>>> print(open('coords_1.cif').read())   # mmCIF, C-alpha atoms
data_data
loop_
_atom_site.label_atom_id
_atom_site.label_comp_id
_atom_site.auth_asym_id
_atom_site.auth_seq_id
_atom_site.Cartn_x
_atom_site.Cartn_y
_atom_site.Cartn_z
CA MET A 15 0.00 0.00 0.00
CA SER A 16 1.24 3.50 -0.74
CA LYS A 17 -0.03 4.68 2.63
CA ILE A 18 -2.00 3.40 5.59
CA ASN A 19 -5.54 4.71 5.51
CA ASN A 20 -7.01 4.98 9.00
CA GLU A 21 -10.47 6.09 7.91
CA GLN A 22 -13.00 4.13 9.93
CA PHE A 23 -15.11 1.58 8.13
CA PRO A 24 -18.81 2.42 7.64
CA ARG A 25 -21.28 0.76 9.96
CA THR A 26 -24.83 -0.52 9.96
CA GLU A 27 -27.13 -1.77 12.70
CA VAL A 28 -28.41 -5.27 13.46
CA ALA A 29 -31.02 -5.65 16.20
CA GLY A 30 -29.82 -2.44 17.83
CA VAL A 31 -26.15 -3.44 17.69
CA SER A 32 -23.77 -1.17 15.76
CA MET A 33 -21.90 -3.36 13.28
CA PRO A 34 -19.08 -2.65 10.80
CA ARG A 35 -20.05 -3.44 7.22
CA MET A 36 -17.02 -5.71 7.08
CA ILE A 37 -16.74 -8.70 9.42
CA ILE A 38 -13.51 -10.53 10.22
CA GLY A 39 -13.61 -14.03 8.74
CA THR A 40 -11.63 -16.85 10.32
CA ASN A 41 -11.40 -19.73 7.81
CA TRP A 42 -8.00 -18.51 6.63
CA LEU A 43 -6.77 -18.35 10.22
CA LEU A 44 -8.14 -21.66 11.45
CA GLY A 45 -7.18 -23.89 8.52
CA TRP A 46 -10.30 -24.19 6.40
CA SER A 47 -8.94 -23.13 3.02
CA HIS A 48 -11.57 -24.77 0.79
CA LYS A 49 -8.61 -25.65 -1.41
CA SER A 50 -6.47 -28.58 -0.28
CA PRO A 51 -5.11 -30.42 2.77
CA ALA A 52 -1.73 -28.82 2.06
CA ALA A 53 -3.25 -25.34 2.19
CA ASP A 54 -5.10 -26.22 5.39
CA ALA A 55 -1.86 -27.43 6.97
CA GLN A 56 0.02 -24.31 5.90
CA ILE A 57 -2.57 -22.09 7.58
CA LYS A 58 -2.57 -24.12 10.77
CA SER A 59 1.22 -24.05 10.98
CA ALA A 60 1.18 -20.23 10.83
CA TYR A 61 -1.59 -19.79 13.42
CA GLN A 62 -0.88 -22.07 16.34
CA ARG A 63 -0.54 -19.69 19.30
CA PRO A 64 -2.99 -16.99 20.43
CA GLU A 65 -0.36 -14.32 19.77
CA ASP A 66 -0.11 -15.40 16.11
CA PHE A 67 -3.62 -14.05 15.53
CA LEU A 68 -3.03 -10.67 17.16
CA PRO A 69 -1.50 -8.74 14.19
CA VAL A 70 -4.44 -9.68 11.96
CA PHE A 71 -7.08 -8.67 14.50
CA GLU A 72 -5.13 -5.49 15.28
CA ALA A 73 -5.06 -4.54 11.58
CA TYR A 74 -8.83 -4.91 11.27
CA LEU A 75 -9.40 -2.95 14.47
CA SER A 76 -7.24 -0.10 13.18
CA ARG A 77 -10.08 0.77 10.79
CA GLY A 78 -12.93 0.01 13.14
CA VAL A 79 -13.70 -3.51 11.92
CA ASP A 80 -14.50 -4.93 15.35
CA ALA A 81 -16.82 -7.88 14.57
CA VAL A 82 -15.53 -11.42 14.08
CA MET A 83 -17.30 -14.56 12.85
CA GLY A 84 -16.27 -18.12 13.58
CA VAL A 85 -16.90 -21.43 15.26
CA LEU A 86 -16.17 -20.65 18.90
CA GLN A 87 -15.93 -24.38 19.59
CA GLU A 88 -12.53 -24.25 17.85
CA LYS A 89 -10.17 -23.85 20.81
CA ARG A 90 -7.57 -21.85 18.88
CA PHE A 91 -10.26 -19.33 17.98
CA GLU A 92 -11.47 -19.09 21.57
CA SER A 93 -7.92 -18.62 22.87
CA ALA A 94 -7.07 -16.05 20.17
CA LEU A 95 -10.14 -13.99 21.03
CA ASP A 96 -9.36 -14.04 24.74
CA TYR A 97 -5.73 -13.05 24.11
CA THR A 98 -6.59 -10.26 21.63
CA GLN A 99 -9.26 -8.69 23.81
CA GLU A 100 -7.08 -8.81 26.91
CA THR A 101 -3.94 -7.54 25.15
CA LEU A 102 -5.60 -4.68 23.28
CA GLY A 103 -8.23 -3.86 25.89
CA ARG A 104 -10.88 -4.04 23.18
CA LYS A 105 -14.15 -5.97 23.11
CA LEU A 106 -14.86 -7.67 19.80
CA ILE A 107 -18.40 -8.30 18.61
CA ILE A 108 -18.46 -12.10 18.43
CA ILE A 109 -20.64 -13.94 15.91
CA ASP A 110 -20.59 -17.59 16.92
CA THR A 111 -21.64 -20.24 14.37
CA PRO A 112 -21.71 -23.47 16.42
CA VAL A 113 -22.04 -26.97 15.02
CA LEU A 114 -24.50 -28.67 17.39
CA ASN A 115 -26.43 -31.89 17.78
CA LEU A 116 -30.00 -30.90 16.90
CA GLU A 117 -31.43 -34.36 17.44
CA ASP A 118 -34.99 -34.24 18.80
CA SER A 119 -34.27 -35.65 22.24
CA PRO A 120 -34.08 -34.26 25.80
CA ALA A 121 -30.36 -35.08 26.01
CA ALA A 122 -29.51 -33.26 22.78
CA ARG A 123 -31.57 -30.21 23.74
CA ALA A 124 -29.86 -30.09 27.13
CA GLU A 125 -26.50 -30.24 25.38
CA CYS A 126 -27.47 -27.33 23.15
CA GLU A 127 -28.77 -25.28 26.05
CA ALA A 128 -25.51 -25.80 27.96
CA TYR A 129 -23.50 -24.77 24.91
CA PHE A 130 -25.47 -21.55 24.42
CA LYS A 131 -24.90 -20.58 28.05
CA TRP A 132 -21.18 -21.21 27.61
CA SER A 133 -21.01 -19.18 24.39
CA ALA A 134 -22.80 -16.29 26.08
CA SER A 135 -20.30 -16.46 28.95
CA LYS A 136 -17.52 -15.85 26.39
CA GLY A 137 -19.13 -12.55 25.38
CA THR A 138 -20.90 -13.70 22.22
CA THR A 139 -23.39 -11.19 20.80
CA PHE A 140 -24.85 -13.15 17.87
CA CYS A 141 -25.31 -16.91 17.76
CA LEU A 142 -26.24 -18.43 14.40
CA LEU A 143 -26.66 -22.17 14.05
CA HIS A 144 -24.06 -23.41 11.57
CA HIS A 145 -25.52 -24.31 8.19
CA SER A 146 -24.38 -27.93 8.51
CA CYS A 147 -26.77 -28.54 11.38
CA ALA A 148 -29.46 -25.91 10.70
CA GLU A 149 -30.14 -27.33 7.24
CA LYS A 150 -31.03 -30.70 8.78
CA LEU A 151 -34.17 -29.02 10.15
CA VAL A 152 -35.41 -27.87 6.73
CA ASN A 153 -38.64 -29.39 5.44
CA LYS A 154 -39.01 -28.39 1.81
CA GLY A 155 -42.45 -29.97 1.59
CA SER A 156 -43.94 -27.68 4.24
CA GLU A 157 -41.46 -24.85 3.53
CA SER A 158 -40.51 -24.72 7.19
CA ILE A 159 -37.51 -25.09 9.50
CA GLU A 160 -38.72 -27.58 12.06
CA ARG A 161 -38.03 -26.95 15.75
CA LEU A 162 -36.04 -23.80 14.98
CA ASP A 163 -38.05 -21.94 17.61
CA ASP A 164 -36.64 -24.27 20.29
CA TYR A 165 -33.10 -23.14 19.56
CA THR A 166 -33.75 -19.44 18.99
CA ARG A 167 -35.53 -19.38 22.35
CA MET A 168 -32.52 -21.02 24.04
CA ILE A 169 -30.23 -18.46 22.41
CA ARG A 170 -32.41 -15.58 23.62
CA ASP A 171 -32.64 -17.05 27.10
CA ALA A 172 -28.84 -17.22 27.24
CA GLY A 173 -28.66 -13.49 26.45
CA MET A 174 -27.58 -13.62 22.79
CA LEU A 175 -29.22 -12.60 19.51
CA PRO A 176 -30.30 -15.48 17.23
CA GLY A 177 -29.71 -15.83 13.52
CA LEU A 178 -29.32 -18.45 10.79
CA SER A 179 -26.23 -19.49 8.84
CA CYS A 180 -27.42 -20.50 5.39
CA HIS A 181 -25.83 -22.27 2.46
CA MET A 182 -29.28 -23.32 1.30
CA PRO A 183 -30.99 -20.09 0.23
CA GLU A 184 -34.32 -21.66 1.23
CA LEU A 185 -33.48 -20.99 4.87
CA VAL A 186 -33.74 -17.25 4.31
CA LEU A 187 -36.97 -17.63 2.33
CA TYR A 188 -38.65 -19.97 4.81
CA SER A 189 -37.57 -17.93 7.81
CA ASP A 190 -38.93 -14.73 6.31
CA GLN A 191 -42.18 -16.45 5.32
CA ARG A 192 -42.70 -18.03 8.74
CA GLY A 193 -41.49 -15.07 10.80
CA TYR A 194 -38.99 -17.06 12.85
CA ASP A 195 -37.18 -15.24 15.63
CA VAL A 196 -33.92 -14.44 13.86
CA GLU A 197 -32.16 -11.09 13.63
CA THR A 198 -29.74 -11.74 10.78
CA TYR A 199 -28.69 -14.28 8.16
CA ILE A 200 -25.38 -15.58 6.86
CA GLN A 201 -25.41 -16.28 3.12
CA ILE A 202 -22.69 -17.27 0.63
CA TYR A 203 -22.31 -14.66 -2.10
CA ASN A 204 -19.53 -14.13 -4.66
CA PRO A 205 -19.15 -13.39 -8.39
CA MET A 206 -18.08 -16.95 -9.22
CA GLY A 207 -21.06 -18.75 -7.71
CA PHE A 208 -18.66 -20.72 -5.51
CA LEU A 209 -20.59 -23.04 -3.14
CA MET A 210 -23.83 -21.23 -4.03
CA GLN A 211 -26.69 -23.66 -4.58
CA VAL A 212 -28.60 -21.54 -7.11
CA GLU A 213 -27.52 -19.01 -9.73
CA ILE A 214 -25.87 -15.77 -8.60
CA GLU A 215 -28.85 -13.64 -9.63
CA GLY A 216 -31.15 -15.78 -7.49
CA VAL A 217 -29.03 -15.36 -4.38
CA ALA A 218 -28.70 -11.63 -5.08
CA ARG A 219 -32.49 -11.34 -5.19
CA ILE A 220 -32.86 -13.27 -1.90
CA ILE A 221 -30.31 -11.04 -0.15
CA ASN A 222 -31.82 -7.82 -1.46
CA HIS A 223 -35.32 -8.86 -0.42
CA ALA A 224 -34.45 -10.41 2.96
CA LYS A 225 -36.40 -9.02 5.90
CA LYS A 226 -33.28 -8.91 8.07
CA PRO A 227 -29.70 -7.75 7.44
CA VAL A 228 -27.49 -10.32 5.75
CA MET A 229 -23.88 -11.17 6.61
CA THR A 230 -22.47 -12.38 3.30
CA ILE A 231 -19.51 -14.78 3.28
CA LYS A 232 -16.85 -15.98 0.82
CA PRO A 233 -16.81 -12.80 -1.32
CA MET A 234 -13.58 -13.91 -3.02
CA ALA A 235 -14.74 -17.51 -3.48
CA ALA A 236 -12.06 -18.76 -1.04
CA GLY A 237 -9.25 -17.17 -3.05
CA ARG A 238 -10.56 -18.06 -6.50
CA CYS A 239 -10.93 -14.43 -7.52
CA THR A 240 -8.99 -11.32 -6.54
CA PRO A 241 -10.11 -9.01 -3.72
CA TYR A 242 -10.73 -6.20 -6.23
CA VAL A 243 -13.16 -8.34 -8.22
CA GLY A 244 -14.88 -10.03 -5.28
CA LEU A 245 -15.26 -7.03 -3.00
CA ASN A 246 -16.40 -4.66 -5.74
CA PHE A 247 -19.01 -7.16 -6.89
CA VAL A 248 -20.44 -7.88 -3.45
CA TYR A 249 -20.43 -4.35 -2.00
CA ASN A 250 -22.06 -2.94 -5.12
CA THR A 251 -24.88 -5.52 -5.24
CA ILE A 252 -25.98 -5.69 -1.58
CA ARG A 253 -27.89 -3.20 0.54
CA PRO A 254 -26.39 -0.61 2.93
CA CYS A 255 -27.69 -2.71 5.85
CA ASP A 256 -25.80 -5.83 4.72
CA MET A 257 -22.25 -6.88 5.61
CA VAL A 258 -19.37 -8.77 4.01
CA THR A 259 -17.25 -11.30 5.91
CA VAL A 260 -13.64 -11.15 4.76
CA GLY A 261 -10.94 -13.64 5.68
CA VAL A 262 -7.22 -13.04 5.20
CA SER A 263 -3.96 -14.89 5.84
CA ASN A 264 -1.97 -11.93 7.23
CA ALA A 265 -2.29 -8.37 8.51
CA ARG A 266 -1.24 -6.68 5.28
CA GLU A 267 -3.97 -8.48 3.36
CA ALA A 268 -6.47 -7.16 5.91
CA LEU A 269 -5.31 -3.58 5.33
CA GLU A 270 -5.43 -4.01 1.55
CA ASP A 271 -8.88 -5.61 1.58
CA MET A 272 -10.30 -2.90 3.81
CA GLU A 273 -8.95 -0.24 1.42
CA ILE A 274 -10.41 -2.05 -1.62
CA ALA A 275 -13.76 -2.44 0.14
CA MET A 276 -13.85 1.18 1.28
CA ALA A 277 -13.06 2.31 -2.27
CA ALA A 278 -15.88 0.10 -3.59
CA ILE A 279 -18.34 1.68 -1.17
CA GLU A 280 -17.11 5.20 -1.98
CA ARG A 281 -16.99 4.51 -5.74
CA ARG A 282 -13.31 5.42 -6.14
CA TRP A 283 -10.03 3.76 -7.08
CA PRO A 284 -8.28 1.98 -4.18
CA ASP A 285 -5.03 3.52 -2.97
CA LEU A 286 -2.81 0.47 -3.49
CA GLU A 287 0.51 -0.35 -5.11
CA GLY A 288 0.47 -2.34 -8.34
CA ARG A 289 1.16 -6.08 -8.22
CA ALA A 290 4.72 -7.26 -8.79
CA SER A 291 5.60 -9.15 -11.97
CA PRO A 292 8.88 -10.30 -13.60
CA ALA A 293 7.70 -8.75 -16.87
CA LYS A 294 5.54 -5.91 -15.64
CA GLN A 295 4.00 -3.73 -18.33
CA ALA A 296 4.07 -0.11 -17.26
CA ALA A 297 0.98 0.73 -19.29
CA LEU A 298 -1.11 -1.78 -17.33
CA GLY A 299 0.30 -1.02 -13.90
CA ASN A 300 -0.64 -4.55 -12.77
#
>>> encode(input="coords_1.cif", output="structure tokens")
Amino acid sequence: MSKINNEQFPRTEVAGVSMPRMIIGTNWLLGWSHKSPAADAQIKSAYQRPEDFLPVFEAYLSRGVDAVMGVLQEKRFESALDYTQETLGRKLIIIDTPVLNLEDSPAARAECEAYFKWSASKGTTFCLLHHSCAEKLVNKGSESIERLDDYTRMIRDAGMLPGLSCHMPELVLYSDQRGYDVETYIQIYNPMGFLMQVEIEGVARIINHAKKPVMTIKPMAAGRCTPYVGLNFVYNTIRPCDMVTVGVSNAREALEDMEIAMAAIERRWPDLEGRASPAKQAALGN
């Protein structure tokens, strides 16, 4: 970057909570590359200790991006959050996406209730059932999400705000139709259609017509397109109330991505250096 821009990132509001329009993603810190076992291992080797995460979180916080999304059950994530908040004296807005046993039994419900209380004790603000378990409750025949009210009630009772993590776009549609007690949605959205279950235009329509703010994820299709392409596409096709979850592998990437995203929102060119190349063409600037 030619300079460090400290302009604070624009914010929106979700259920009365002030939220940055960019959310810190954690897949590229915890080892979920969506690419290969080798890539997963490389990430994990770089982020073993709580202090390894600090420069990345500190970079995001420098521009007011103070919300982070992840699976709090992952111990490295829990430890990194505790260390960052204690070291910097800053409270992060935690969006927990737990993978839980949603079996219809007293034992499973008790297990879920205990987990929600624990998550709340860690300072979680939003708790959204991970798509891998939430989608097991979907009944396409009745266009409903069965027993969802049980879990949103537990989340409320624990003192957190409920939401839904969705890979299936039907979750957003059914929840809006049925008026379930959720305050926000997570939805995959990127210009390559990566991991999206219907065409890009269909997901764009669902996001733009959702009754609650949407936290979009995977804007760069897990590294399959550049930040300039992914962030410009997403920020220019969602609403001002919606957010974009952005994962990086180091602090400099965080600073660059925030500058690209801010430029997209402000409709200007990002203040970045050109990419290096062994045969760089001056006319293109790379």
>>> residues_around(input="coords_1.cif", residues="range 19-31 of chain A", least_positions_apart="2", cutoff="8 Å", atoms="only C-alpha atoms", output="PyMOL selection string")
chain A and resi 17+33-36+76-79+175+197-198+227+254-256+272-273+276
>>> write_last_selection(input="coords_1.cif", atoms="C-alpha atoms", output="PDB file, keeping the file's coordinate frame")
ATOM      1  CA  LYS A  17      -0.030   4.680   2.630  1.00  0.00           C
ATOM      2  CA  MET A  33     -21.900  -3.360  13.280  1.00  0.00           C
ATOM      3  CA  PRO A  34     -19.080  -2.650  10.800  1.00  0.00           C
ATOM      4  CA  ARG A  35     -20.050  -3.440   7.220  1.00  0.00           C
ATOM      5  CA  MET A  36     -17.020  -5.710   7.080  1.00  0.00           C
ATOM      6  CA  SER A  76      -7.240  -0.100  13.180  1.00  0.00           C
ATOM      7  CA  ARG A  77     -10.080   0.770  10.790  1.00  0.00           C
ATOM      8  CA  GLY A  78     -12.930   0.010  13.140  1.00  0.00           C
ATOM      9  CA  VAL A  79     -13.700  -3.510  11.920  1.00  0.00           C
ATOM     10  CA  LEU A 175     -29.220 -12.600  19.510  1.00  0.00           C
ATOM     11  CA  GLU A 197     -32.160 -11.090  13.630  1.00  0.00           C
ATOM     12  CA  THR A 198     -29.740 -11.740  10.780  1.00  0.00           C
ATOM     13  CA  PRO A 227     -29.700  -7.750   7.440  1.00  0.00           C
ATOM     14  CA  PRO A 254     -26.390  -0.610   2.930  1.00  0.00           C
ATOM     15  CA  CYS A 255     -27.690  -2.710   5.850  1.00  0.00           C
ATOM     16  CA  ASP A 256     -25.800  -5.830   4.720  1.00  0.00           C
ATOM     17  CA  MET A 272     -10.300  -2.900   3.810  1.00  0.00           C
ATOM     18  CA  GLU A 273      -8.950  -0.240   1.420  1.00  0.00           C
ATOM     19  CA  MET A 276     -13.850   1.180   1.280  1.00  0.00           C
TER      20      MET A 276
END
>>> closest_residue(input="coords_1.cif", among="A:Trp42, A:Lys150, A:Ser179, A:Ser93", to="Ile109 in chain A", atoms="all atoms listed in the file")
A:Ser179
>>> residues_around(input="coords_1.cif", residues="range 131-140 of chain A", least_positions_apart="3", cutoff="12 Å", atoms="only C-alpha atoms", output="CSV table (one decimal) with C-alpha atoms, keeping the file's coordinate frame")
chain,number,residue,atom,x,y,z
A,28,VAL,CA,-28.4,-5.3,13.5
A,29,ALA,CA,-31.0,-5.6,16.2
A,30,GLY,CA,-29.8,-2.4,17.8
A,31,VAL,CA,-26.2,-3.4,17.7
A,32,SER,CA,-23.8,-1.2,15.8
A,33,MET,CA,-21.9,-3.4,13.3
A,81,ALA,CA,-16.8,-7.9,14.6
A,82,VAL,CA,-15.5,-11.4,14.1
A,83,MET,CA,-17.3,-14.6,12.8
A,84,GLY,CA,-16.3,-18.1,13.6
A,85,VAL,CA,-16.9,-21.4,15.3
A,86,LEU,CA,-16.2,-20.6,18.9
A,87,GLN,CA,-15.9,-24.4,19.6
A,88,GLU,CA,-12.5,-24.2,17.8
A,91,PHE,CA,-10.3,-19.3,18.0
A,92,GLU,CA,-11.5,-19.1,21.6
A,93,SER,CA,-7.9,-18.6,22.9
A,95,LEU,CA,-10.1,-14.0,21.0
A,96,ASP,CA,-9.4,-14.0,24.7
A,99,GLN,CA,-9.3,-8.7,23.8
A,105,LYS,CA,-14.2,-6.0,23.1
A,106,LEU,CA,-14.9,-7.7,19.8
A,107,ILE,CA,-18.4,-8.3,18.6
A,108,ILE,CA,-18.5,-12.1,18.4
A,109,ILE,CA,-20.6,-13.9,15.9
A,110,ASP,CA,-20.6,-17.6,16.9
A,111,THR,CA,-21.6,-20.2,14.4
A,112,PRO,CA,-21.7,-23.5,16.4
A,124,ALA,CA,-29.9,-30.1,27.1
A,125,GLU,CA,-26.5,-30.2,25.4
A,126,CYS,CA,-27.5,-27.3,23.2
A,127,GLU,CA,-28.8,-25.3,26.0
A,128,ALA,CA,-25.5,-25.8,28.0
A,143,LEU,CA,-26.7,-22.2,14.0
A,166,THR,CA,-33.8,-19.4,19.0
A,168,MET,CA,-32.5,-21.0,24.0
A,169,ILE,CA,-30.2,-18.5,22.4
A,170,ARG,CA,-32.4,-15.6,23.6
A,171,ASP,CA,-32.6,-17.0,27.1
A,172,ALA,CA,-28.8,-17.2,27.2
A,173,GLY,CA,-28.7,-13.5,26.4
A,174,MET,CA,-27.6,-13.6,22.8
A,175,LEU,CA,-29.2,-12.6,19.5
A,176,PRO,CA,-30.3,-15.5,17.2
A,177,GLY,CA,-29.7,-15.8,13.5
A,178,LEU,CA,-29.3,-18.4,10.8
A,179,SER,CA,-26.2,-19.5,8.8
A,196,VAL,CA,-33.9,-14.4,13.9
A,197,GLU,CA,-32.2,-11.1,13.6
A,198,THR,CA,-29.7,-11.7,10.8
A,199,TYR,CA,-28.7,-14.3,8.2
A,200,ILE,CA,-25.4,-15.6,6.9
A,229,MET,CA,-23.9,-11.2,6.6
>>> closest_residue(input="coords_1.cif", among="A:Arg281, A:Gly155, A:Ser263, A:Ala224", to="Gln56 in chain A", atoms="all atoms listed in the file")
A:Ser263
>>> atom_distance(input="coords_1.cif", atom1="CA of Val258 in chain A", atom2="CA of Pro233 in chain A")
7.2 Å
>>> resolve_selection(input="coords_1.cif", expression="the PyMOL selection byres ((chain A and resi 243) around 12)", output="PyMOL selection string")
chain A and resi 204-206+233-235+237-242+244-250+271+274-275+278
>>> resolve_selection(input="coords_1.cif", expression="the PyMOL selection byres ((chain A and resi 43) around 8)", output="list in words")
Thr40, Asn41, Trp42, Leu44, Gly45, Trp46, Ile57, Lys58, Tyr61, Phe67, Gly261, Val262 and Ser263 of chain A
>>> axis_aligned_box(input="coords_1.cif", around="range 273-285 of chain A", padding_each_side="4 Å", output="JSON")
{"center_x": -11.7, "center_y": 1.5, "center_z": -2.8, "size_x": 21.3, "size_y": 15.9, "size_z": 16.5}
>>> atom_distance(input="coords_1.cif", atom1="CA of Asn115 in chain A", atom2="CA of Met182 in chain A")
18.8 Å
>>> residues_around(input="coords_1.cif", residues="Leu116 in chain A", least_positions_apart="4", cutoff="9 Å", atoms="all atoms listed in the file", output="NGL selection string")
:A and (122-123 or 126 or 147-148 or 150-151 or 165)
